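See below for the structure under consideration.
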Amino acid sequence: MSNITKEKLAAEDIAAQLTNAVHEHRLKPGAKLREDEVSDVFGVSRTIVRQALRALAFEGLLTIEKNRGAFVSKPSLKEAHEVFQARALLEPSTARSAAERTTVDDIALLERHIKEEHEALDRDQPGLALKLSGDFHLEIARIADQQTIEQFLKQLVSRSSLVIALYWKRRNALCESNAHHALVDALRSHDGSAAEALMKGHLLDIYSQLDLRECDKGATSLKEALRK
């Protein structure tokens, strides 16, 4: 294996770990990622670190500022509104399409997602539960076989994770929702109309749990964020 390939794989692994830390809210919006600290934590060169950070910036999870460094992106109130407006436009019709194509294996996979989500909540890991919730929505897009929309949704779900980290009103709201179970039932029954309506209501419910006022969440250190 060439050195270039090794560096690429190392950068991809670091990017994946940092992405999970952001999605699971172990790294908070606004947290600074210093190249030297990332290099020290992962035991790699700054060249590899820069590759990883650029990858996250491309995905919209990081903002790289000249002469200041890399920061976990911090969506504005305007962007928070726009993210959920976009999801409300895309996901209900995607759920309808998924209902027409859902297989027994798809249902089993979605039910595993729900089980893992609730297990994360039982372990008091709401950030991980929210990541799994986002993955559930992406699985529905995959089932719908709408690859272009699936790519858009990946970006929107990533931004949603940041929005929720900043503006989530009630941390226990996840425990109160059976929306994913209802969606699975609609998909199992190949009921497109029900799936579409349920997805609309589910997204509205998530949006209603956001406290869309300016706020400032404290940052977590990189070493703490990567300690699972």
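Residues are referred to by chain and number: the chain letter is A, B, ... according to the order shown in the structure tokens, the number counts from 1 in that chain, and ligands are numbered separately from 1 in the order shown.
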
(message) Using DSSP assignments from the backbone, pull out every residue in chain A that falls under alpha helix (DSSP H) and give it to me as a ChimeraX atom specification.
(response) /A:3-23,35-42,46-58,77-101,104-122,126-144,147-167,173-176,179-188,192-208,222-225

(request) List the neighbours of stretch 2-15 of chain A out to 7 Å using only C-alpha atoms; skip same-chain residues closer than 2 positions along the sequence, and give me the result as a ChimeraX atom specification. (result) /A:17-19,48-49,51-53,55-56

(message) Here is a test: counting only C-alpha atoms, which residue of A:Gln85, A:Asn178, A:Thr102, A:Ser208 is nearest to A:His118?
(response)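 For A:His118, the nearest of the given residues is A:Asn178.
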
Can I get the residues of stretch 65-142 of chain A within 6 Å of stretch 181-203 of chain A, each with the closest pair of atoms and their distance in Å to one decimal, using only C-alpha atoms, sorted chain first then ascending number, as CSV?
residue,atom,partner,partner_atom,distance
A:Pro92,CA,A:Glu196,CA,4.4
A:Ser93,CA,A:Glu196,CA,5.9
A:Ala95,CA,A:Glu196,CA,5.5
A:Arg96,CA,A:Gly192,CA,4.1
A:Ala99,CA,A:Leu187,CA,4.4
A:Glu100,CA,A:His190,CA,5.5

(request) Would you mind listing what lies within 6 Å of stretch 71-80 of chain A as number ranges by chain, with only C-alpha atoms counted and same-chain residues fewer than 2 positions away left out? (result) A: 29-33, 61-63, 82-83, 163

(request) Go through A:Leu210, A:Leu130, A:Ile143, A:Leu156 and flag the residue nearest A:Asp106, using only C-alpha atoms for the distances. (result)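 Using only C-alpha atoms, the shortest distance to A:Asp106 belongs to A:Ile143.
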
(message) Report, in Å with one decimal, the straight-line distance from atom CA of A:Arg26 to atom CA of A:Glu150.
(response)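 Between atom CA of A:Arg26 and atom CA of A:Glu150 the gap works out to 25.2 Å.
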
Report as a short mmCIF file (atom, residue, chain, number, x, y, z; two decimals) with all heavy atoms, in the first residue's frame all protein, DNA and RNA residues lying within 9 Å of A:Ser161, evaluated on only C-alpha atoms, omitting residues in the same chain fewer than 4 positions from it.
data_model
loop_
_atom_site.label_atom_id
_atom_site.label_comp_id
_atom_site.auth_asym_id
_atom_site.auth_seq_id
_atom_site.Cartn_x
_atom_site.Cartn_y
_atom_site.Cartn_z
N VAL A 22 -19.62 14.81 16.10
CA VAL A 22 -20.50 15.96 15.86
C VAL A 22 -21.95 15.51 15.87
O VAL A 22 -22.81 16.10 16.54
CB VAL A 22 -20.16 16.65 14.52
CG1 VAL A 22 -21.21 17.70 14.18
CG2 VAL A 22 -18.78 17.30 14.60
N HIS A 23 -22.26 14.43 15.14
CA HIS A 23 -23.63 13.96 15.04
C HIS A 23 -24.18 13.50 16.38
O HIS A 23 -25.39 13.62 16.64
CB HIS A 23 -23.71 12.81 14.03
CG HIS A 23 -23.66 13.26 12.61
ND1 HIS A 23 -23.46 12.40 11.56
CD2 HIS A 23 -23.75 14.49 12.05
CE1 HIS A 23 -23.45 13.06 10.42
NE2 HIS A 23 -23.61 14.34 10.70
N GLU A 24 -23.30 12.98 17.22
CA GLU A 24 -23.73 12.50 18.54
C GLU A 24 -23.64 13.59 19.60
O GLU A 24 -23.83 13.34 20.78
CB GLU A 24 -22.90 11.28 18.95
CG GLU A 24 -23.11 10.08 18.04
CD GLU A 24 -22.18 8.93 18.36
OE1 GLU A 24 -21.60 8.92 19.47
OE2 GLU A 24 -22.04 8.03 17.51
N HIS A 25 -23.33 14.81 19.15
CA HIS A 25 -23.28 15.99 20.02
C HIS A 25 -22.21 15.90 21.10
O HIS A 25 -22.31 16.55 22.13
CB HIS A 25 -24.66 16.25 20.66
CG HIS A 25 -25.72 16.52 19.65
ND1 HIS A 25 -27.05 16.65 19.98
CD2 HIS A 25 -25.67 16.69 18.31
CE1 HIS A 25 -27.76 16.88 18.89
NE2 HIS A 25 -26.93 16.90 17.86
N GLY A 127 -27.45 12.05 22.26
CA GLY A 127 -26.78 12.41 21.02
C GLY A 127 -26.70 11.23 20.06
O GLY A 127 -26.97 11.36 18.86
N LEU A 130 -30.09 10.53 18.60
CA LEU A 130 -30.43 11.45 17.53
C LEU A 130 -29.71 11.09 16.23
O LEU A 130 -30.27 11.20 15.15
CB LEU A 130 -30.10 12.88 17.94
CG LEU A 130 -31.09 13.52 18.90
CD1 LEU A 130 -30.53 14.79 19.51
CD2 LEU A 130 -32.41 13.83 18.18
N LYS A 131 -28.47 10.64 16.34
CA LYS A 131 -27.75 10.19 15.15
C LYS A 131 -28.46 8.99 14.52
O LYS A 131 -28.65 8.93 13.31
CB LYS A 131 -26.31 9.82 15.49
CG LYS A 131 -25.53 9.28 14.29
CD LYS A 131 -24.16 8.79 14.69
CE LYS A 131 -23.42 8.25 13.47
NZ LYS A 131 -24.08 7.06 12.88
N GLY A 134 -31.48 10.08 12.73
CA GLY A 134 -31.16 10.61 11.41
C GLY A 134 -30.88 9.50 10.41
O GLY A 134 -31.31 9.55 9.25
N LEU A 156 -28.84 17.55 4.71
CA LEU A 156 -29.85 18.17 5.56
C LEU A 156 -29.89 17.52 6.95
O LEU A 156 -30.04 18.21 7.96
CB LEU A 156 -31.23 18.06 4.91
CG LEU A 156 -31.44 18.94 3.67
CD1 LEU A 156 -32.75 18.57 2.98
CD2 LEU A 156 -31.45 20.42 4.05
N VAL A 157 -29.73 16.19 7.01
CA VAL A 157 -29.73 15.51 8.30
C VAL A 157 -28.49 15.92 9.10
O VAL A 157 -28.57 16.10 10.33
CB VAL A 157 -29.80 13.98 8.10
CG1 VAL A 157 -29.49 13.24 9.40
CG2 VAL A 157 -31.18 13.58 7.59
N ALA A 165 -28.58 20.33 18.23
CA ALA A 165 -27.61 20.53 19.31
C ALA A 165 -27.72 21.94 19.88
O ALA A 165 -27.52 22.16 21.08
CB ALA A 165 -26.20 20.28 18.81
N LEU A 166 -28.03 22.90 19.03
CA LEU A 166 -28.12 24.29 19.47
C LEU A 166 -29.48 24.65 20.05
O LEU A 166 -29.57 25.39 21.04
CB LEU A 166 -27.83 25.24 18.30
CG LEU A 166 -26.37 25.54 17.97
CD1 LEU A 166 -26.30 26.32 16.67
CD2 LEU A 166 -25.71 26.32 19.09
#

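Pairwise distance (atom CA of A:Glu117, atom CA of A:Leu132) equals 5.7 Å.
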